[in-house]
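A.B. asks: Just one file: work_15.csv, with CSV, C-alpha atoms.
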chain,number,residue,atom,x,y,z
A,1,MET,CA,-31.3,-10.3,25.0
A,2,GLN,CA,-32.8,-11.3,28.3
A,3,PRO,CA,-33.6,-15.0,28.8
A,4,ASP,CA,-37.3,-14.3,29.5
A,5,THR,CA,-37.5,-12.3,26.3
A,6,PHE,CA,-35.7,-15.0,24.3
A,7,PHE,CA,-38.0,-17.9,25.5
A,8,ARG,CA,-41.1,-15.8,25.0
A,9,ARG,CA,-40.1,-15.1,21.4
A,10,ARG,CA,-39.3,-18.8,20.8
A,11,ARG,CA,-42.7,-19.8,22.3
A,12,LEU,CA,-44.4,-17.2,20.1
A,13,GLN,CA,-42.6,-18.6,17.0
A,14,SER,CA,-43.6,-22.2,17.9
A,15,LEU,CA,-47.2,-21.2,18.4
A,16,LEU,CA,-47.2,-19.3,15.1
A,17,PHE,CA,-45.7,-22.3,13.3
A,18,PHE,CA,-48.3,-24.7,14.6
A,19,ALA,CA,-51.1,-22.2,13.8
A,20,VAL,CA,-49.9,-22.1,10.2
A,21,ILE,CA,-49.7,-25.9,9.9
A,22,LEU,CA,-53.2,-26.3,11.4
A,23,SER,CA,-54.6,-23.6,9.0
A,24,VAL,CA,-53.0,-25.3,6.0
A,25,THR,CA,-54.3,-28.7,7.1
A,26,TYR,CA,-57.8,-27.4,7.6
A,27,GLY,CA,-57.8,-25.6,4.3
A,28,SER,CA,-56.7,-28.7,2.5
A,29,ILE,CA,-59.5,-30.7,4.1
A,30,VAL,CA,-62.0,-28.1,3.1
A,31,LEU,CA,-60.8,-27.8,-0.5
A,32,THR,CA,-60.6,-31.5,-1.1
A,33,GLN,CA,-63.9,-32.2,0.7
A,34,PHE,CA,-62.2,-34.9,2.7
A,35,ASP,CA,-64.4,-36.6,5.3
A,36,VAL,CA,-62.0,-37.2,8.3
A,37,VAL,CA,-64.5,-39.3,10.3
A,38,ARG,CA,-65.3,-41.5,7.4
A,39,GLY,CA,-61.6,-41.9,6.6
A,40,LEU,CA,-60.7,-42.9,10.1
A,41,LEU,CA,-63.6,-45.4,10.2
A,42,ALA,CA,-62.4,-47.0,7.0
A,43,VAL,CA,-59.0,-47.9,8.4
A,44,PRO,CA,-60.2,-51.0,10.5
A,45,GLN,CA,-62.4,-52.0,7.6
A,46,ALA,CA,-59.4,-52.0,5.2
A,47,PHE,CA,-57.3,-54.1,7.6
A,48,ALA,CA,-60.2,-56.6,8.0
A,49,TRP,CA,-60.5,-56.8,4.2
A,50,ALA,CA,-56.8,-57.4,3.8
A,51,ALA,CA,-56.8,-60.1,6.5
A,52,VAL,CA,-59.4,-62.0,4.5
A,53,ASN,CA,-58.2,-61.4,0.9
A,54,PHE,CA,-54.4,-61.0,1.2
A,55,ILE,CA,-53.6,-64.5,2.1
A,56,PRO,CA,-51.5,-66.7,-0.3
A,57,ASP,CA,-53.5,-69.7,-1.5
A,58,GLU,CA,-52.5,-72.9,-3.2
A,59,ARG,CA,-52.7,-71.2,-6.6
A,60,ALA,CA,-50.5,-68.4,-5.4
A,61,TRP,CA,-47.8,-70.8,-4.1
A,62,SER,CA,-47.7,-72.5,-7.5
A,63,ARG,CA,-46.6,-69.2,-9.0
A,64,LEU,CA,-43.7,-68.8,-6.5
A,65,PRO,CA,-41.0,-69.8,-9.0
A,66,ASN,CA,-42.1,-67.1,-11.4
A,67,ILE,CA,-42.4,-64.5,-8.6
A,68,LEU,CA,-38.8,-65.4,-7.4
A,69,SER,CA,-37.5,-65.0,-11.0
A,70,LYS,CA,-39.0,-61.5,-11.3
A,71,LEU,CA,-37.7,-60.7,-7.8
A,72,GLN,CA,-34.2,-61.7,-8.9
A,73,GLU,CA,-34.5,-59.4,-11.9
A,74,THR,CA,-35.6,-56.5,-9.7
A,75,VAL,CA,-32.8,-57.0,-7.2
A,76,LEU,CA,-30.2,-57.3,-10.0
A,77,VAL,CA,-31.4,-54.1,-11.7
A,78,ALA,CA,-31.2,-52.3,-8.3
A,79,ILE,CA,-27.7,-53.5,-7.6
A,80,ALA,CA,-26.4,-52.8,-11.1
A,81,SER,CA,-27.8,-49.3,-11.2
A,82,SER,CA,-26.6,-48.5,-7.7
A,83,THR,CA,-23.1,-49.8,-8.3
A,84,ILE,CA,-22.5,-48.1,-11.6
A,85,ALA,CA,-24.0,-44.8,-10.3
A,86,ALA,CA,-21.7,-45.0,-7.2
A,87,VAL,CA,-18.6,-45.3,-9.3
A,88,LEU,CA,-19.6,-42.4,-11.6
A,89,GLY,CA,-20.8,-40.4,-8.6
A,90,LEU,CA,-17.4,-40.7,-6.9
A,91,GLY,CA,-15.8,-39.3,-10.1
A,92,LEU,CA,-18.2,-36.4,-10.2
A,93,ALA,CA,-17.7,-35.8,-6.4
A,94,LEU,CA,-14.0,-35.5,-7.0
A,95,LEU,CA,-14.6,-32.8,-9.6
A,96,GLY,CA,-17.2,-31.0,-7.4
A,97,ALA,CA,-15.5,-31.1,-4.0
A,98,ASN,CA,-13.6,-28.0,-3.0
A,99,THR,CA,-10.6,-29.9,-1.8
A,100,THR,CA,-10.1,-32.1,-4.9
A,101,ARG,CA,-11.5,-30.2,-7.9
A,102,PRO,CA,-8.9,-29.7,-10.6
A,103,HIS,CA,-10.4,-26.3,-11.4
A,104,PRO,CA,-13.2,-24.2,-9.8
A,105,TRP,CA,-15.1,-24.4,-13.1
A,106,PHE,CA,-15.6,-28.1,-12.6
A,107,SER,CA,-17.4,-27.6,-9.3
A,108,LEU,CA,-20.6,-25.9,-10.4
A,109,PRO,CA,-21.5,-28.4,-13.2
A,110,ALA,CA,-20.9,-31.4,-10.9
A,111,ARG,CA,-23.0,-29.9,-8.1
A,112,ALA,CA,-25.7,-28.9,-10.6
A,113,ILE,CA,-25.9,-32.5,-11.9
A,114,ALA,CA,-26.2,-33.9,-8.4
A,115,SER,CA,-28.9,-31.4,-7.5
A,116,VAL,CA,-31.0,-32.0,-10.6
A,117,PHE,CA,-30.8,-35.8,-10.5
A,118,ARG,CA,-31.3,-36.1,-6.8
A,119,ASN,CA,-34.3,-33.8,-6.5
A,120,ILE,CA,-36.4,-35.4,-9.3
A,121,ASP,CA,-38.2,-38.4,-7.9
A,122,VAL,CA,-37.6,-41.9,-9.3
A,123,SER,CA,-41.2,-42.2,-10.4
A,124,VAL,CA,-40.9,-38.9,-12.4
A,125,TRP,CA,-37.7,-40.2,-14.0
A,126,ALA,CA,-39.5,-43.4,-15.0
A,127,LEU,CA,-42.3,-41.4,-16.6
A,128,ILE,CA,-39.9,-39.2,-18.5
A,129,LEU,CA,-37.8,-42.2,-19.7
A,130,LEU,CA,-40.9,-44.0,-20.9
A,131,PHE,CA,-41.0,-41.7,-23.9
A,132,SER,CA,-37.5,-42.9,-24.9
A,133,PHE,CA,-37.3,-46.6,-23.9
A,134,GLY,CA,-41.0,-47.5,-23.5
A,135,GLN,CA,-41.9,-50.3,-21.0
A,136,SER,CA,-38.6,-52.0,-20.8
A,137,GLY,CA,-35.9,-52.8,-18.3
A,138,PHE,CA,-33.8,-49.9,-19.5
A,139,THR,CA,-36.4,-47.4,-18.2
A,140,GLY,CA,-36.3,-48.8,-14.7
A,141,PHE,CA,-32.5,-49.1,-14.8
A,142,PHE,CA,-31.9,-45.5,-15.8
A,143,ALA,CA,-34.5,-44.1,-13.5
A,144,LEU,CA,-32.8,-45.7,-10.5
A,145,PHE,CA,-29.4,-44.8,-11.9
A,146,PHE,CA,-30.1,-41.1,-12.2
A,147,VAL,CA,-31.5,-40.8,-8.7
A,148,THR,CA,-28.6,-42.8,-7.2
A,149,LEU,CA,-26.0,-40.8,-9.2
A,150,GLY,CA,-27.4,-37.5,-7.8
A,151,PHE,CA,-27.6,-38.8,-4.3
A,152,ILE,CA,-24.1,-40.4,-4.2
A,153,THR,CA,-22.5,-37.4,-5.8
A,154,ARG,CA,-24.0,-35.0,-3.2
A,155,VAL,CA,-23.1,-37.1,-0.2
A,156,MET,CA,-19.6,-37.9,-1.4
A,157,ILE,CA,-18.9,-34.2,-2.1
A,158,GLU,CA,-19.7,-33.5,1.5
A,159,THR,CA,-17.6,-36.5,2.7
A,160,ILE,CA,-14.6,-35.5,0.7
A,161,ASP,CA,-14.7,-31.9,2.0
A,162,GLU,CA,-14.9,-33.2,5.5
A,163,VAL,CA,-11.7,-35.2,5.1
A,164,GLY,CA,-9.8,-31.9,5.2
A,165,VAL,CA,-6.9,-30.4,3.2
A,166,GLU,CA,-4.1,-31.4,5.5
A,167,PRO,CA,-3.4,-34.9,4.0
A,168,ILE,CA,-3.7,-33.5,0.5
A,169,GLU,CA,-1.4,-30.6,1.2
A,170,ALA,CA,1.1,-33.0,2.7
A,171,LEU,CA,1.2,-35.1,-0.4
A,172,ARG,CA,1.4,-32.0,-2.7
A,173,ALA,CA,4.4,-30.9,-0.7
A,174,THR,CA,6.2,-34.1,-1.5
A,175,GLY,CA,5.5,-33.6,-5.2
A,176,ALA,CA,2.8,-36.2,-5.6
A,177,SER,CA,0.6,-36.0,-8.7
A,178,TYR,CA,-3.1,-35.4,-8.7
A,179,GLY,CA,-3.8,-39.0,-9.4
A,180,ALA,CA,-1.5,-40.1,-6.6
A,181,ILE,CA,-3.2,-37.8,-4.2
A,182,ILE,CA,-6.7,-39.1,-5.1
A,183,SER,CA,-5.7,-42.8,-5.0
A,184,GLN,CA,-3.4,-42.6,-1.9
A,185,SER,CA,-5.3,-40.2,0.3
A,186,VAL,CA,-8.8,-39.2,-0.8
A,187,ILE,CA,-10.3,-42.5,-1.9
A,188,PRO,CA,-8.9,-44.6,1.1
A,189,SER,CA,-10.4,-42.0,3.5
A,190,CYS,CA,-13.8,-42.0,1.8
A,191,LEU,CA,-14.2,-45.6,0.7
A,192,PRO,CA,-15.9,-46.9,3.9
A,193,GLN,CA,-18.5,-44.1,3.6
A,194,LEU,CA,-19.0,-44.7,-0.1
A,195,ILE,CA,-19.6,-48.4,0.6
A,196,SER,CA,-22.0,-47.6,3.4
A,197,TRP,CA,-24.0,-45.2,1.1
A,198,LEU,CA,-23.9,-47.7,-1.7
A,199,LEU,CA,-25.5,-50.3,0.5
A,200,TYR,CA,-28.1,-47.9,1.6
A,201,MET,CA,-29.0,-47.0,-2.0
A,202,ILE,CA,-29.2,-50.7,-3.0
A,203,GLU,CA,-31.8,-51.2,-0.2
A,204,THR,CA,-33.7,-48.1,-1.3
A,205,ASN,CA,-33.6,-48.9,-5.0
A,206,ILE,CA,-35.0,-52.4,-4.4
A,207,ARG,CA,-38.1,-50.8,-2.8
A,208,SER,CA,-38.2,-48.1,-5.6
A,209,ALA,CA,-37.8,-50.7,-8.3
A,210,THR,CA,-41.1,-52.3,-7.2
A,211,LEU,CA,-42.8,-49.0,-7.8
A,212,VAL,CA,-41.0,-48.4,-11.1
A,213,GLY,CA,-42.0,-51.8,-12.2
A,214,LEU,CA,-45.7,-50.8,-12.0
A,215,LEU,CA,-45.0,-47.9,-14.4
A,216,THR,CA,-42.6,-49.8,-16.8
A,217,GLY,CA,-44.3,-53.2,-16.8
A,218,THR,CA,-41.1,-55.0,-15.6
A,219,GLY,CA,-39.9,-56.9,-12.6
A,220,ILE,CA,-41.8,-57.8,-9.5
A,221,GLY,CA,-43.9,-54.6,-9.7
A,222,PHE,CA,-45.4,-55.8,-13.0
A,223,LEU,CA,-46.4,-59.1,-11.4
A,224,PHE,CA,-48.1,-57.4,-8.5
A,225,ASP,CA,-50.0,-55.0,-10.9
A,226,LEU,CA,-51.0,-58.0,-13.0
A,227,TYR,CA,-52.3,-60.1,-10.2
A,228,PHE,CA,-54.0,-57.3,-8.4
A,229,LYS,CA,-55.8,-56.0,-11.5
A,230,ASN,CA,-57.0,-59.6,-12.2
A,231,PHE,CA,-58.3,-59.9,-8.6
A,232,ASN,CA,-55.8,-62.6,-7.8
A,233,TYR,CA,-55.3,-61.2,-4.3
A,234,GLY,CA,-53.6,-64.3,-3.0
A,235,SER,CA,-50.9,-64.1,-5.6
A,236,ALA,CA,-50.6,-60.3,-5.1
A,237,SER,CA,-50.1,-60.9,-1.4
A,238,LEU,CA,-47.4,-63.4,-2.0
A,239,VAL,CA,-45.6,-60.9,-4.2
A,240,VAL,CA,-45.7,-58.4,-1.3
A,241,LEU,CA,-44.5,-61.0,1.3
A,242,VAL,CA,-41.6,-62.1,-0.9
A,243,THR,CA,-40.6,-58.5,-1.6
A,244,VAL,CA,-40.7,-57.6,2.1
A,245,ALA,CA,-38.6,-60.7,3.0
A,246,ALA,CA,-36.0,-59.8,0.4
A,247,VAL,CA,-35.7,-56.2,1.6
A,248,LEU,CA,-35.3,-57.4,5.2
A,249,LEU,CA,-32.7,-59.9,4.2
A,250,ILE,CA,-30.7,-57.4,2.2
A,251,GLU,CA,-31.0,-54.9,5.0
A,252,THR,CA,-29.6,-57.4,7.5
A,253,VAL,CA,-26.6,-58.2,5.3
A,254,SER,CA,-26.0,-54.5,4.7
A,255,ASN,CA,-26.0,-53.7,8.4
A,256,ALA,CA,-23.5,-56.6,9.0
A,257,ILE,CA,-21.2,-55.2,6.3
A,258,ARG,CA,-21.5,-51.6,7.7
A,259,ARG,CA,-20.5,-52.9,11.2
A,260,THR,CA,-17.4,-54.5,9.6
A,261,ILE,CA,-16.2,-51.6,7.6
A,262,LEU,CA,-17.1,-48.6,9.8
For this file, write the structure as structure tokens.
C.D. replies:
Amino acid sequence: MQPDTFFRRRRLQSLLFFAVILSVTYGSIVLTQFDVVRGLLAVPQAFAWAAVNFIPDERAWSRLPNILSKLQETVLVAIASSTIAAVLGLGLALLGANTTRPHPWFSLPARAIASVFRNIDVSVWALILLFSFGQSGFTGFFALFFVTLGFITRVMIETIDEVGVEPIEALRATGASYGAIISQSVIPSCLPQLISWLLYMIETNIRSATLVGLLTGTGIGFLFDLYFKNFNYGSASLVVLVTVAAVLLIETVSNAIRRTIL
């Protein structure tokens, strides 16, 4: 294919793609009767309202111990669900990876579990689990656990397959058992990546746990919902500020750990 023909075709494909995107966007605006001008003008008004109302007052600061207690609950649930899911996810990944699966039949169920759990959003899991556990800490825990299990299983399958078969074949040639191959070769090679992804999921789950708390009536999300619906905007803003500070602190610690292990 000539270079001019190739670039002309790529240009035509790009123009067609943007035309489809613009058409879908315009159609969505028409169908939803969304007023673009009014929406854009409302943005500065929203920031002005937040600057006046979302300021912690003296009453809000008096509630700080209760807010910190709920924040601690949220962080612990996020860490527990992420850690347990990472351990089980590594086990599923060993069954699903092409280089470590004991039998090809184990691969498909492991990958199917990872795909289903990963592609269902945490808020959907929370709504589903509400029927079983109601508004309790178990609902938030299992919602975060299922999503983390699917994600960790998927990324660890890819990580294990990227290690290659050479170290495994070398150990097999020496007569090493399956358990020895996993503990002496696979896990040491994948452990830094597993820790890195675990830290990432803890950060993500702390943010998600706030949203899940709105649905399950637990943790820091419940306090925000309670204060906001009772028009205690000062207390609600303090919840937001404390949550943001916690996420930034945990992200800083996670980045320091990643730099150490990677």
A.B. asks: Just give me the gap between atom CA of Ile29 of chain A and atom CA of Trp49 of chain A in Å, one decimal is fine.
C.D. replies: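 Going from atom CA of Ile29 of chain A over to atom CA of Trp49 of chain A, I get 26.1 Å.
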A.B. asks: Could you tell me how far atom CA of Thr148 of chain A sits from atom CA of Val124 of chain A, in Å to one decimal place?
C.D. replies: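 Those two atoms sit 13.9 Å apart.
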A.B. asks: Atom CA of Ala97 of chain A and atom CA of Ile187 of chain A, how far apart in Å?
C.D. replies: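 Computed distance, atom CA of Ile187 of chain A to atom CA of Ala97 of chain A, equals 12.7 Å.
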A.B. asks: Using all atoms listed in the file, find the one residue out of A:Ile202, A:Leu16, A:Val36, A:Ala110 that sits nearest to Gly91 of chain A.
C.D. replies: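 Among A:Ile202, A:Leu16, A:Val36, A:Ala110, it is A:Ala110 that comes nearest to Gly91 of chain A.
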A.B. asks: Quick one: everything within 10 Å of segment 75-80 of chain A, counting all atoms listed in the file, minus sequence neighbours fewer than 6 positions away in the same chain. Send it as a list in words.
C.D. replies: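 My list of contacting residues is Ala86, Gly137, Phe138, Gly140, Phe141, Phe142, Leu144, Phe145, Thr148, Leu198, Leu199, Met201, Ile202, Glu203, Thr204, Asn205, Ile206, Arg207, Ser208, Ala209, Thr210, Gly219, Ile220, Thr243, Ala246, Val247 and Ile250 of chain A.
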A.B. asks: Of the candidates A:Leu215, A:Leu68, A:Cys190, A:Val240, which one gets nearest to Thr139 of chain A if we count only C-alpha atoms?
C.D. replies: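 Using only C-alpha atoms, Thr139 of chain A sits closest to A:Leu215.
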A.B. asks: Mind checking which residues fall within 10 Å of Leu92 of chain A, counting all atoms listed in the file, ignoring those fewer than 5 positions away in the same chain, and posting them as a list of chain:residue names?
C.D. replies: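 The filter keeps A:Ala86, A:Val87, A:Ala97, A:Arg101, A:Phe106, A:Ser107, A:Pro109, A:Ala110, A:Arg111, A:Ile113, A:Ala114, A:Leu149, A:Gly150, A:Ile152, A:Thr153, A:Arg154, A:Met156, A:Ile157.
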A.B. asks: Which one of A:Glu58, A:Ser81, A:Asp225, A:Pro102 sits closest to Ser177 of chain A if you count only C-alpha atoms?
C.D. replies: A:Pro102
A.B. asks: Find, counting only C-alpha atoms, the residue in A:Ile195, A:Ser237, A:Asn230, A:Asp161 that gets nearest to Thr260 of chain A.
C.D. replies: A:Ile195
A.B. asks: Out of A:Glu162, A:Thr174, A:Thr218, A:Ser136, which residue has the shortest atom-to-atom distance to Ser189 of chain A when counting only C-alpha atoms?
C.D. replies: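 Comparing A:Glu162, A:Thr174, A:Thr218, A:Ser136 against Ser189 of chain A, the winner is A:Glu162.
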A.B. asks: Closest to Glu251 of chain A among A:Arg172, A:Ile55, A:Ser196, A:Asn66, using only C-alpha atoms?
C.D. replies: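 Under the stated criterion, the closest residue is A:Ser196.
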